[in-house]
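**Student:** File follows, query-v9.txt with compact mmCIF, C-alpha atoms:
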# COMPACT_ATOMS: atom_id res chain seq x y z
CA MET A 1 -5.45 1.07 -6.13
CA SER A 2 -2.11 -0.51 -5.89
CA ALA A 3 0.39 -3.02 -4.79
CA ASN A 4 0.23 -5.72 -2.24
CA GLN A 5 -3.07 -5.14 -0.49
CA ASP A 6 -4.34 -8.58 -1.36
CA LEU A 7 -1.42 -10.23 0.37
CA PRO A 8 -2.68 -12.04 3.42
CA LEU A 9 -0.74 -12.26 6.62
CA THR A 10 -0.03 -15.88 7.33
CA GLY A 11 1.07 -16.78 10.81
CA ALA A 12 4.50 -18.32 10.37
CA SER A 13 6.05 -15.89 7.90
CA THR A 14 4.67 -12.83 9.68
CA ALA A 15 5.91 -14.07 13.03
CA ALA A 16 9.32 -14.82 11.52
CA VAL A 17 9.56 -11.32 10.02
CA GLY A 18 8.49 -9.78 13.32
CA LEU A 19 11.16 -11.80 15.12
CA VAL A 20 13.91 -10.96 12.62
CA GLY A 21 12.87 -7.28 12.61
CA SER A 22 12.89 -7.10 16.39
CA ILE A 23 16.28 -8.82 16.64
CA LEU A 24 17.76 -6.48 14.02
CA LEU A 25 16.30 -3.42 15.72
CA GLY A 26 17.60 -4.59 19.08
CA LEU A 27 21.03 -5.33 17.64
CA GLY A 28 21.07 -1.94 15.90
CA ALA A 29 20.18 -0.16 19.12
CA LEU A 30 22.89 -2.08 20.96
CA LEU A 31 25.53 -1.21 18.36
CA VAL A 32 24.59 2.47 18.35
CA THR A 33 24.80 2.56 22.15
CA VAL A 34 28.19 0.86 22.10
CA ALA A 35 29.45 3.25 19.39
CA ASN A 36 28.34 6.20 21.54
CA TRP A 37 30.15 4.62 24.47
CA GLY A 38 33.31 4.39 22.35
CA ALA A 39 32.97 8.05 21.37
CA LYS A 40 32.45 9.06 25.00
CA THR A 41 35.56 7.14 26.05
CA ARG A 42 37.60 8.85 23.36
CA ARG A 43 36.42 12.29 24.50
CA LYS A 44 37.28 11.49 28.09
CA LEU A 45 40.78 10.44 27.10
CA SER A 46 41.48 13.45 24.92
CA MET B 1 21.68 -32.09 17.47
CA PRO B 2 23.29 -30.70 20.69
CA GLU B 3 26.54 -30.21 18.73
CA ALA B 4 24.76 -28.22 16.05
CA PHE B 5 23.05 -26.08 18.69
CA LEU B 6 26.36 -25.48 20.43
CA THR B 7 28.10 -24.56 17.17
CA ALA B 8 25.28 -22.16 16.22
CA SER B 9 25.30 -20.52 19.65
CA ILE B 10 29.05 -19.99 19.61
CA THR B 11 28.97 -18.64 16.03
CA VAL B 12 26.16 -16.19 16.74
CA SER B 13 27.75 -15.04 19.99
CA GLY B 14 31.07 -14.59 18.22
CA VAL B 15 29.53 -12.50 15.45
CA VAL B 16 27.65 -10.31 17.94
CA LEU B 17 30.81 -9.84 19.99
CA LEU B 18 32.76 -8.85 16.88
CA LEU B 19 30.04 -6.35 15.95
CA VAL B 20 30.06 -4.87 19.44
CA VAL B 21 33.83 -4.50 19.42
CA GLY B 22 33.65 -3.03 15.93
CA SER B 23 31.01 -0.50 17.02
CA PHE B 24 33.05 0.54 20.01
CA GLY B 25 36.06 0.97 17.76
CA TYR B 26 34.03 2.98 15.24
CA GLY B 27 32.76 5.34 17.96
CA PHE B 28 36.27 5.62 19.42
CA LEU B 29 37.94 6.38 16.08
CA ARG B 30 35.19 8.62 14.67
CA PRO B 31 33.44 10.22 17.67
CA GLU B 32 32.05 13.00 15.46
CA ALA B 33 30.11 10.46 13.39
CA THR B 34 28.05 9.35 16.39
CA HIS B 35 26.79 12.86 17.01
CA ARG B 36 24.69 13.38 13.94
CA PRO B 37 21.27 14.86 14.66
CA ARG B 38 18.77 12.05 15.12
CA HIS B 39 16.27 13.50 12.71
CA ALA B 40 18.44 15.28 10.19
CA VAL B 41 15.81 14.87 7.46
CA ARG B 42 12.51 16.17 8.72
CA PRO B 43 9.34 16.19 6.63
CA PRO B 44 8.30 19.57 5.26
CA ARG B 45 5.83 21.73 7.16
CA TYR B 46 2.61 22.41 5.31
CA GLY B 47 -0.23 24.68 6.28
CA PRO B 48 -3.67 23.61 7.50
CA VAL B 49 -6.37 22.78 4.95
CA ARG B 50 -10.08 23.58 5.30
CA PRO B 51 -12.77 21.36 3.75
CA ASP B 52 -13.59 24.05 1.17
CA GLN B 53 -9.96 23.97 0.03
CA VAL B 54 -10.25 20.35 -1.13
CA ALA B 55 -11.25 19.34 -4.65
CA ILE B 56 -12.17 15.87 -5.81
CA LEU B 57 -10.65 14.70 -9.09
CA ILE B 58 -11.82 11.57 -10.86
CA ALA B 59 -10.15 10.03 -13.88
CA CYS B 60 -12.44 7.92 -15.99
CA ARG B 61 -12.42 5.91 -19.18
CA ASN B 62 -15.66 4.31 -20.27
CA GLY B 63 -17.08 4.26 -16.77
CA ALA B 64 -20.73 4.85 -17.65
CA ALA B 65 -21.84 1.94 -15.47
CA THR B 66 -20.57 3.52 -12.28
CA ILE B 67 -19.65 7.14 -12.82
CA ALA B 68 -22.96 8.79 -11.92
CA GLU B 69 -23.04 7.18 -8.48
CA THR B 70 -19.34 7.95 -7.95
CA VAL B 71 -19.87 11.63 -8.75
CA ARG B 72 -23.04 11.85 -6.64
CA ALA B 73 -21.26 10.38 -3.61
CA ALA B 74 -18.28 12.69 -4.15
CA ARG B 75 -20.60 15.71 -4.37
CA ALA B 76 -22.22 14.66 -1.08
CA THR B 77 -18.91 15.39 0.68
CA GLY B 78 -19.49 19.08 -0.09
CA SER B 79 -16.36 19.38 -2.26
CA HIS B 80 -16.23 20.46 -5.87
CA VAL B 81 -15.94 17.49 -8.20
CA TYR B 82 -13.84 17.48 -11.36
CA LEU B 83 -13.67 14.67 -13.86
CA VAL B 84 -11.42 13.92 -16.78
CA SER B 85 -12.71 11.52 -19.38
CA ASP B 86 -9.78 9.76 -21.04
CA ALA B 87 -11.30 9.54 -24.52
CA SER B 88 -14.34 7.62 -23.29
CA THR B 89 -16.48 6.23 -26.07
CA ASP B 90 -19.55 5.62 -23.91
CA ASP B 91 -21.88 8.02 -22.11
CA THR B 92 -19.38 8.88 -19.33
CA VAL B 93 -19.12 12.61 -20.09
CA HIS B 94 -22.85 13.22 -20.17
CA LEU B 95 -23.57 11.13 -17.05
CA ALA B 96 -20.80 12.75 -15.03
CA ALA B 97 -21.86 16.25 -16.01
CA SER B 98 -25.50 15.47 -15.20
CA ALA B 99 -24.45 14.20 -11.77
CA GLY B 100 -22.74 17.51 -11.06
CA ALA B 101 -19.10 17.16 -12.06
CA ARG B 102 -17.12 19.64 -14.10
CA VAL B 103 -15.87 17.53 -16.98
CA LEU B 104 -12.79 17.71 -19.15
CA PRO B 105 -13.22 15.36 -22.12
CA LEU B 106 -9.97 14.30 -23.74
CA SER B 107 -10.13 13.32 -27.38
CA ARG B 108 -7.09 11.04 -27.25
CA ASN B 109 -6.52 8.13 -24.84
CA VAL B 110 -3.45 9.20 -22.85
CA GLY B 111 -3.58 6.92 -19.80
CA LYS B 112 -4.61 7.67 -16.23
CA PRO B 113 -1.65 9.70 -14.89
CA ALA B 114 -1.46 11.90 -17.99
CA ALA B 115 -5.24 12.39 -17.88
CA LEU B 116 -5.06 13.41 -14.22
CA HIS B 117 -2.28 15.84 -15.00
CA ALA B 118 -4.26 17.33 -17.90
CA ALA B 119 -7.24 17.90 -15.60
CA TYR B 120 -5.08 19.24 -12.77
CA GLU B 121 -3.62 21.80 -15.15
CA GLY B 122 -6.79 22.44 -17.10
CA PHE B 123 -8.91 23.17 -14.03
CA GLU B 124 -5.98 24.93 -12.29
CA LEU B 125 -6.56 22.84 -9.18
CA GLY B 126 -3.12 23.66 -7.81
CA ARG B 127 -4.03 27.33 -7.88
CA TYR B 128 -7.49 27.19 -6.32
CA TYR B 129 -7.16 24.31 -3.83
CA ARG B 130 -4.73 23.14 -1.18
CA ALA B 131 -5.51 19.44 -1.42
CA VAL B 132 -7.04 17.12 -4.00
CA ALA B 133 -8.75 13.79 -3.39
CA ILE B 134 -8.10 11.55 -6.38
CA LEU B 135 -10.73 8.87 -6.85
CA ASP B 136 -11.25 6.04 -9.30
CA ASP B 137 -14.39 6.10 -11.38
CA ASP B 138 -15.96 3.18 -9.51
CA VAL B 139 -15.31 4.39 -5.97
CA VAL B 140 -18.14 5.54 -3.74
CA VAL B 141 -16.94 7.61 -0.80
CA ALA B 142 -18.79 8.25 2.44
CA PRO B 143 -20.24 11.75 2.93
CA ASP B 144 -17.62 12.52 5.60
CA PHE B 145 -14.72 11.18 3.52
CA VAL B 146 -13.05 14.57 3.10
CA THR B 147 -13.43 15.72 6.71
CA ALA B 148 -12.21 12.35 8.00
CA ALA B 149 -9.18 12.54 5.72
CA LEU B 150 -8.46 16.16 6.69
CA ALA B 151 -8.42 15.14 10.35
CA LYS B 152 -5.25 13.20 9.49
CA LEU B 153 -3.75 15.85 7.22
CA THR B 154 -1.49 17.41 9.84
CA ASP B 155 1.37 19.80 9.07
CA GLU B 156 3.88 17.10 8.13
CA VAL B 157 1.51 14.95 6.08
CA GLY B 158 1.62 14.92 2.28
CA ILE B 159 -0.77 12.06 1.48
CA VAL B 160 -3.75 10.69 3.40
CA VAL B 161 -4.87 7.22 2.37
CA GLY B 162 -8.54 6.35 2.74
CA HIS B 163 -10.07 3.19 4.11
CA ASN B 164 -10.99 0.55 1.52
CA VAL B 165 -14.14 -1.48 1.82
CA THR B 166 -15.03 -3.98 -0.87
CA TRP B 167 -18.42 -3.30 -2.34
CA TRP B 168 -20.10 -6.64 -1.68
CA PRO B 169 -23.79 -6.26 -2.42
CA PRO B 170 -26.40 -8.85 -1.34
CA GLU B 171 -26.97 -10.01 -4.93
CA ARG B 172 -23.28 -10.99 -5.09
CA ARG B 173 -23.01 -12.34 -1.58
CA TRP B 174 -21.73 -15.74 -2.77
CA ASN B 175 -18.99 -14.37 -5.02
CA PRO B 176 -15.75 -15.92 -3.69
CA TRP B 177 -13.45 -13.25 -5.13
CA LEU B 178 -15.32 -10.45 -3.44
CA ALA B 179 -15.19 -12.46 -0.21
CA LYS B 180 -11.45 -12.94 -0.60
CA ARG B 181 -10.83 -9.27 -1.32
CA ALA B 182 -13.08 -8.06 1.49
CA TYR B 183 -11.13 -10.22 3.92
CA SER B 184 -7.73 -9.20 2.52
CA TYR B 185 -8.51 -5.49 2.69
CA TRP B 186 -9.75 -5.80 6.24
CA MET B 187 -6.67 -7.67 7.40
CA TYR B 188 -4.20 -5.54 5.47
CA GLN B 189 -5.61 -2.33 6.85
CA ALA B 190 -6.09 -3.64 10.37
CA VAL B 191 -2.44 -4.65 10.63
CA ILE B 192 0.09 -3.62 7.97
CA ARG B 193 -1.36 -0.29 6.96
CA ARG B 194 -1.77 0.91 10.54
CA ILE B 195 1.78 -0.07 11.44
CA GLN B 196 3.21 1.45 8.25
CA SER B 197 1.24 4.64 8.80
CA HIS B 198 2.51 4.99 12.35
CA PHE B 199 6.15 4.69 11.30
CA ASN B 200 5.70 6.57 7.99
CA VAL B 201 6.88 3.62 5.92
CA MET B 202 3.81 3.00 3.78
CA ASN B 203 4.98 1.34 0.57
CA CYS B 204 1.66 1.30 -1.22
CA ILE B 205 -1.31 3.61 -1.10
CA SER B 206 -4.84 3.34 -2.40
CA GLY B 207 -4.67 5.25 -5.64
CA SER B 208 -8.42 4.95 -5.85
CA ASN B 209 -9.17 7.00 -2.74
CA SER B 210 -6.38 9.14 -1.35
CA VAL B 211 -6.00 12.86 -0.59
CA TYR B 212 -2.86 14.68 -1.72
CA ARG B 213 -1.49 18.12 -0.95
CA THR B 214 -1.36 20.26 -4.07
CA GLU B 215 2.29 21.13 -3.25
CA LEU B 216 3.01 17.42 -3.66
CA LEU B 217 0.92 17.02 -6.81
CA ASP B 218 2.69 20.01 -8.35
CA ILE B 219 5.86 17.89 -8.21
CA VAL B 220 4.69 14.35 -8.95
CA LEU B 221 1.86 14.82 -11.43
CA PRO B 222 3.91 16.37 -14.27
CA GLN B 223 6.14 13.31 -14.26
CA GLN B 224 5.24 10.38 -16.45
CA PRO B 225 5.32 7.37 -14.08
CA PRO B 226 7.62 4.68 -15.50
CA TYR B 227 5.76 1.96 -13.61
CA ILE B 228 2.54 0.19 -14.47
CA VAL B 229 0.89 1.53 -11.29
CA ASP B 230 0.96 5.31 -11.01
CA ASP B 231 0.37 5.63 -7.28
CA THR B 232 3.24 3.25 -6.54
CA TYR B 233 5.47 5.76 -8.28
CA TRP B 234 3.93 8.69 -6.39
CA VAL B 235 4.37 7.17 -2.96
CA LEU B 236 7.98 6.20 -3.68
CA GLU B 237 8.70 9.71 -4.94
CA THR B 238 7.09 11.12 -1.80
CA HIS B 239 9.43 9.11 0.40
CA ARG B 240 12.54 9.66 -1.69
CA ARG B 241 12.01 13.40 -2.16
CA ASN B 242 10.83 13.88 1.43
CA LEU B 243 7.54 15.44 0.34
CA GLY B 244 5.70 14.63 3.55
CA ARG B 245 4.41 11.78 5.65
CA VAL B 246 2.03 9.21 4.16
CA VAL B 247 -0.68 8.33 6.65
CA TYR B 248 -3.80 6.21 6.82
CA ALA B 249 -7.23 7.54 7.76
CA PRO B 250 -9.34 4.57 8.93
CA ARG B 251 -12.47 6.72 9.13
CA ALA B 252 -12.26 8.02 5.55
CA LEU B 253 -14.44 5.32 4.10
CA ALA B 254 -14.56 4.37 0.41
CA HIS B 255 -16.39 1.49 -1.23
CA LEU B 256 -14.42 -0.09 -4.07
CA GLN B 257 -15.38 -2.35 -6.90
CA ASP B 258 -13.16 -5.38 -6.96
CA PRO B 259 -12.72 -8.25 -9.42
CA THR B 260 -15.50 -10.82 -9.46
CA THR B 261 -13.79 -13.58 -11.46
CA LEU B 262 -10.58 -15.54 -11.05
CA PRO B 263 -8.94 -14.23 -14.27
CA ASP B 264 -9.72 -10.61 -13.32
CA TRP B 265 -8.48 -11.18 -9.78
CA TYR B 266 -5.26 -12.74 -11.07
CA ARG B 267 -4.65 -10.02 -13.66
CA GLN B 268 -5.26 -7.19 -11.22
CA ASN B 269 -2.98 -8.62 -8.54
CA LEU B 270 -0.33 -9.37 -11.15
CA ARG B 271 -0.43 -5.77 -12.33
CA TRP B 272 -0.25 -4.40 -8.79
CA MET B 273 2.67 -6.58 -7.81
CA TRP B 274 4.42 -5.99 -11.12
CA GLY B 275 4.22 -2.25 -10.36
CA THR B 276 5.45 -2.90 -6.83
CA PHE B 277 8.51 -4.78 -8.05
CA GLN B 278 9.15 -2.14 -10.72
CA GLY B 279 9.17 0.43 -7.91
CA ILE B 280 11.62 -1.61 -5.85
CA ILE B 281 13.96 -1.87 -8.84
CA GLY B 282 13.50 1.68 -10.12
CA HIS B 283 13.70 3.47 -6.79
CA ARG B 284 16.52 1.22 -5.57
CA VAL B 285 14.61 0.25 -2.46
CA GLY B 286 16.83 -1.32 0.18
CA ARG B 287 19.96 0.41 -1.03
CA GLN B 288 19.72 3.48 1.18
CA VAL B 289 19.97 3.77 4.93
CA SER B 290 16.53 4.90 6.01
CA ARG B 291 13.64 3.72 8.10
CA PHE B 292 11.60 3.29 4.91
CA ASP B 293 14.21 1.03 3.32
CA TYR B 294 14.54 -1.00 6.53
CA ALA B 295 10.79 -1.52 6.77
CA TYR B 296 10.53 -2.35 3.08
CA GLY B 297 13.37 -4.84 3.52
CA LEU B 298 11.38 -6.58 6.23
CA LEU B 299 8.32 -6.61 3.99
CA MET B 300 10.33 -8.21 1.19
CA LEU B 301 11.62 -10.78 3.64
CA HIS B 302 8.01 -11.46 4.51
CA TRP B 303 7.22 -12.06 0.83
CA VAL B 304 10.13 -14.50 0.51
CA LEU B 305 9.09 -16.43 3.60
CA TYR B 306 5.48 -16.32 2.50
CA VAL B 307 6.21 -17.74 -0.96
CA ALA B 308 8.58 -20.39 0.36
CA GLY B 309 6.48 -21.04 3.44
CA GLY B 310 3.47 -22.45 1.58
CA PRO B 311 5.08 -25.50 -0.01
CA LEU B 312 7.41 -25.89 2.97
CA THR B 313 4.48 -26.06 5.38
CA LEU B 314 2.70 -28.64 3.22
CA TRP B 315 5.88 -30.72 3.04
CA LEU B 316 6.42 -30.51 6.80
CA LEU B 317 2.82 -31.46 7.47
CA ALA B 318 3.11 -34.42 5.12
CA THR B 319 6.35 -35.74 6.57
CA ALA B 320 6.25 -34.85 10.24
CA GLY B 321 3.87 -34.02 13.04
CA PRO B 322 0.27 -35.11 13.18
CA GLY B 323 -0.05 -35.89 9.45
CA LEU B 324 -1.24 -33.95 6.41
CA LEU B 325 -4.97 -34.03 7.08
CA VAL B 326 -4.80 -33.07 10.73
CA GLY B 327 -2.17 -30.44 9.89
CA LEU B 328 -4.36 -28.93 7.21
CA LEU B 329 -7.29 -28.83 9.60
CA LEU B 330 -5.12 -27.04 12.14
CA MET B 331 -4.13 -24.48 9.48
CA LEU B 332 -7.76 -24.10 8.55
CA ALA B 333 -8.65 -23.44 12.18
CA GLY B 334 -5.88 -20.85 12.55
CA GLN B 335 -6.97 -18.97 9.44
CA GLY B 336 -10.57 -19.44 10.56
CA VAL B 337 -10.00 -17.36 13.67
CA TRP B 338 -8.93 -14.39 11.56
CA VAL B 339 -11.74 -14.89 9.07
CA GLY B 340 -14.21 -15.09 11.95
CA ILE B 341 -13.03 -11.76 13.34
CA ALA B 342 -13.23 -10.24 9.84
CA ALA B 343 -16.79 -11.56 9.42
CA TRP B 344 -17.78 -9.89 12.67
CA ARG B 345 -16.05 -6.59 11.89
CA LEU B 346 -17.28 -6.44 8.28
CA ARG B 347 -20.75 -7.65 9.22
CA HIS B 348 -20.66 -10.39 6.61
CA PRO B 349 -21.61 -13.54 8.54
CA GLN B 350 -21.21 -15.65 5.38
CA LEU B 351 -17.45 -14.93 5.20
CA PRO B 352 -16.27 -18.04 7.17
CA LEU B 353 -17.95 -20.23 4.55
CA PHE B 354 -15.37 -18.96 2.06
CA LEU B 355 -12.45 -20.24 4.14
CA PRO B 356 -11.43 -22.96 1.64
CA VAL B 357 -11.46 -20.42 -1.22
CA ILE B 358 -9.41 -17.99 0.84
CA ILE B 359 -6.82 -20.66 1.51
CA VAL B 360 -6.63 -21.74 -2.14
CA ALA B 361 -6.37 -18.11 -3.28
CA ASP B 362 -3.68 -17.65 -0.68
CA LEU B 363 -1.65 -20.44 -2.32
CA LEU B 364 -2.31 -18.96 -5.75
CA TYR B 365 -1.09 -15.56 -4.59
CA ARG B 366 2.37 -17.07 -4.23
CA VAL B 367 2.34 -17.86 -7.93
CA ILE B 368 1.34 -14.25 -8.65
CA LEU B 369 4.25 -12.91 -6.61
CA VAL B 370 6.75 -15.01 -8.57
CA HIS B 371 5.05 -14.21 -11.89
CA ALA B 372 5.13 -10.49 -11.10
CA LEU B 373 8.78 -10.60 -10.10
CA VAL B 374 9.73 -12.28 -13.38
CA LYS B 375 7.65 -9.72 -15.27
CA ALA B 376 9.33 -6.82 -13.46
CA VAL B 377 12.81 -8.17 -14.10
CA ARG B 378 11.98 -8.56 -17.79
CA GLN B 379 10.17 -5.24 -18.02
CA PRO B 380 11.29 -2.89 -15.21
CA THR B 381 9.66 0.17 -16.77
CA VAL B 382 6.74 0.94 -19.06
CA ASP B 383 6.25 3.74 -21.54
CA ARG B 384 2.96 4.74 -19.97
CA CYS B 385 0.40 3.56 -17.44
CA VAL B 386 -2.46 2.01 -19.36
CA TRP B 387 -6.02 1.55 -18.19
CA ASP B 388 -6.65 -1.97 -17.02
CA SER B 389 -9.76 -2.19 -14.94
CA PRO B 390 -11.76 -5.33 -14.27
CA ALA B 391 -15.36 -5.43 -15.53
CA ARG B 392 -17.56 -3.03 -13.59
CA ILE B 393 -20.95 -3.74 -12.13
CA ALA B 394 -23.63 -1.14 -12.63
CA VAL B 395 -24.48 0.26 -9.24
CA GLY B 396 -27.27 1.87 -7.36
CA ALA B 397 -26.65 3.69 -4.09
CA LYS B 398 -24.13 1.89 -1.90
CA GLY B 399 -24.66 1.73 1.82
Turn this file's structure into structure tokens for me.
**Tutor:**
Amino acid sequence: MSANQDLPLTGASTAAVGLVGSILLGLGALLVTVANWGAKTRRKLS
Amino acid sequence: MPEAFLTASITVSGVVLLLVVGSFGYGFLRPEATHRPRHAVRPPRYGPVRPDQVAILIACRNGAATIAETVRAARATGSHVYLVSDASTDDTVHLAASAGARVLPLSRNVGKPAALHAAYEGFELGRYYRAVAILDDDVVVAPDFVTAALAKLTDEVGIVVGHNVTWWPPERRWNPWLAKRAYSYWMYQAVIRRIQSHFNVMNCISGSNSVYRTELLDIVLPQQPPYIVDDTYWVLETHRRNLGRVVYAPRALAHLQDPTTLPDWYRQNLRWMWGTFQGIIGHRVGRQVSRFDYAYGLLMLHWVLYVAGGPLTLWLLATAGPGLLVGLLLMLAGQGVWVGIAAWRLRHPQLPLFLPVIIVADLLYRVILVHALVKAVRQPTVDRCVWDSPARIAVGAKG
């Protein structure tokens, strides 16, 4: 047996992590999309 | 207040805008970098495993109180059962052999991972089997444990983690530490473990009841784990070496013996978390770009908020809002909802009565996290994993 299995999920911290995780994932997806857009623009120009 | 909100909004918007412009520029300047295959690192492909290709391996040191029942339950799965006795000085060897296990008695106490490796080599399990279920000496598995685990052992899976249920017998129904652990296991598995399994980001497995591919064991078992918890090392190696997915099998049921006193509960959690932090330090978690590191980063953020959140919540309740007493009652009610669901799911109607203990233990767990972190910083590796089990209760057949 190992690690953090006795760690309870308390409302506030779990919700905060979920929120931060979702925002970071969303931001990451946005940045990747924009980077692809930049690459596409470059290919169109060249 | 409106000024602060305005300043924060403008700052955040500015940062996001800068990032967006930067991303566009990155894609424009390095278009080839945006075209990397999405899943460049795929898990290996393993072959299917039949129930008769699974062995059960139990490591034991002085487990006479529980070993016979553990072996009997393991035999009931239909698999061959192997046991290594790590220089036991009690009747372990005789009891295990009588219950139907093939036993390898070691004359020198070498520690659990080295004992497992000795048995794995000695019985040539890697040669004769395709998967091995490694159990602790106080674990009682359900008769369909192996088949339920195999149902999850698909081509890309390296480790299947069983479902933990605290052994909470009627004669110990008022033990608060068993109540706490039963609740924690239920909640952890109902939420975190399922999510981690889905995204293949499981950071800790149940070393007491998991099934491993022999291809994986061939690689991890010969290594001497430098952490105090061996399975923490194995799961991190599995992720870092891309040895296969780590998944959870909710139907592979195993009853576990858990601590029954506060000192045992504290010591066990301290050891687990110490091993966890050793793993984070040793495997440089969070310093690589991967889904696993991202998820682990979020988990660590959760720990930080959790530790800081306890005193912060008490302070907020005392200084603002409806007052400390009403606030505490509200917290109690919130936690009570979860405990109520757990009581229903676990069929332990007495569980809600332990709500105050659960909340106090929850506060104490924050101390353990900090204690374990300090311990890991001071001692990031160990020479060998030592046996450190809480006192066992002699058992009859578990339901």
**Student:** Would you pick out the contacts of range 25-42 of chain A at 9 Å or less, using only C-alpha atoms, so that residues sharing its chain but fewer than 4 positions from it are not included, and give the list as a PDB file with C-alpha atoms, in the coordinates of the input?
**Tutor:**
ATOM      1  CA  VAL A  20      13.910 -10.960  12.620  1.00  0.00           C
ATOM      2  CA  GLY A  21      12.870  -7.280  12.610  1.00  0.00           C
ATOM      3  CA  SER A  46      41.480  13.450  24.920  1.00  0.00           C
TER       4      SER A  46
ATOM      5  CA  VAL B  16      27.650 -10.310  17.940  1.00  0.00           C
ATOM      6  CA  LEU B  19      30.040  -6.350  15.950  1.00  0.00           C
ATOM      7  CA  VAL B  20      30.060  -4.870  19.440  1.00  0.00           C
ATOM      8  CA  VAL B  21      33.830  -4.500  19.420  1.00  0.00           C
ATOM      9  CA  GLY B  22      33.650  -3.030  15.930  1.00  0.00           C
ATOM     10  CA  SER B  23      31.010  -0.500  17.020  1.00  0.00           C
ATOM     11  CA  PHE B  24      33.050   0.540  20.010  1.00  0.00           C
ATOM     12  CA  GLY B  25      36.060   0.970  17.760  1.00  0.00           C
ATOM     13  CA  TYR B  26      34.030   2.980  15.240  1.00  0.00           C
ATOM     14  CA  GLY B  27      32.760   5.340  17.960  1.00  0.00           C
ATOM     15  CA  PHE B  28      36.270   5.620  19.420  1.00  0.00           C
ATOM     16  CA  LEU B  29      37.940   6.380  16.080  1.00  0.00           C
ATOM     17  CA  ARG B  30      35.190   8.620  14.670  1.00  0.00           C
ATOM     18  CA  PRO B  31      33.440  10.220  17.670  1.00  0.00           C
ATOM     19  CA  GLU B  32      32.050  13.000  15.460  1.00  0.00           C
ATOM     20  CA  ALA B  33      30.110  10.460  13.390  1.00  0.00           C
ATOM     21  CA  THR B  34      28.050   9.350  16.390  1.00  0.00           C
ATOM     22  CA  HIS B  35      26.790  12.860  17.010  1.00  0.00           C
TER      23      HIS B  35
END
**Student:** Compute the set of chain B residues within 7 Å of chain A, using all atoms listed in the file, and express it as a PyMOL selection string.
**Tutor:** chain B and resi 20+23-28+31+34+181+184-185+188+204-208+229+231-232+272-273+275-276+298+301-302+305-306+309
**Student:** Excluding Val71 in chain B and any residue of its chain fewer than 6 positions from it, enumerate the residues within 7 Å of it, using all atoms listed in the file, and give them as a ChimeraX atom specification.
**Tutor:** /B:96,99-101
**Student:** Using Å and a single decimal, report how far CA of Thr319 in chain B sits from CA of Ile368 in chain B.
**Tutor:**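 Value for the CA of Ile368 in chain B-CA of Thr319 in chain B distance: 26.8 Å.
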**Student:** Please indicate the distance in Å from CA of His198 in chain B to CA of Tyr248 in chain B, rounded to one decimal place.
**Tutor:**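 Answer for the CA of His198 in chain B to CA of Tyr248 in chain B separation: 8.5 Å.
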**Student:** Separation of CA of Cys60 in chain B and CA of Ala87 in chain B, in Å?
**Tutor:**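 Computing the Euclidean distance for CA of Cys60 in chain B and CA of Ala87 in chain B yields 8.8 Å.
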**Student:** Give me the residues within 7 Å of His163 in chain B as a PyMOL selection string, counting all atoms listed in the file and dropping any in the same chain fewer than 4 places off.
**Tutor:** chain B and resi 249-254
**Student:** Residues within 10 Å of His371 in chain B, please, as a VMD selection string. Count all atoms listed in the file; anything in the same chain fewer than 6 positions from it doesn't count.
**Tutor:** chain B and resid 270 273 to 274 365
**Student:** Edge lengths and centre in Å to one decimal, as AutoDock Vina command-line options, is what I'm after for the box along x, y and z that holds all listed atoms of range 122-136 of chain B once 4 Å is added on each side.
**Tutor:**
--center_x -7.2 --center_y 16.7 --center_z -9.1 --size_x 16.1 --size_y 29.3 --size_z 23.9
**Student:** Taking 2 positions as the minimum chain separation for residues in the same chain, which residues sit within 12 Å of His94 in chain B when counting all atoms listed in the file? Answer as a PyMOL selection string.
**Tutor:** chain B and resi 62-64+67-68+71+83-85+88-92+96-105
**Student:** From the options B:Val110, B:Val307, B:Val220, B:Leu95, which residue's atoms come nearest to Val370 in chain B, counting only C-alpha atoms?
**Tutor:**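 Residue with the minimum atom-to-atom distance to Val370 in chain B: B:Val307.
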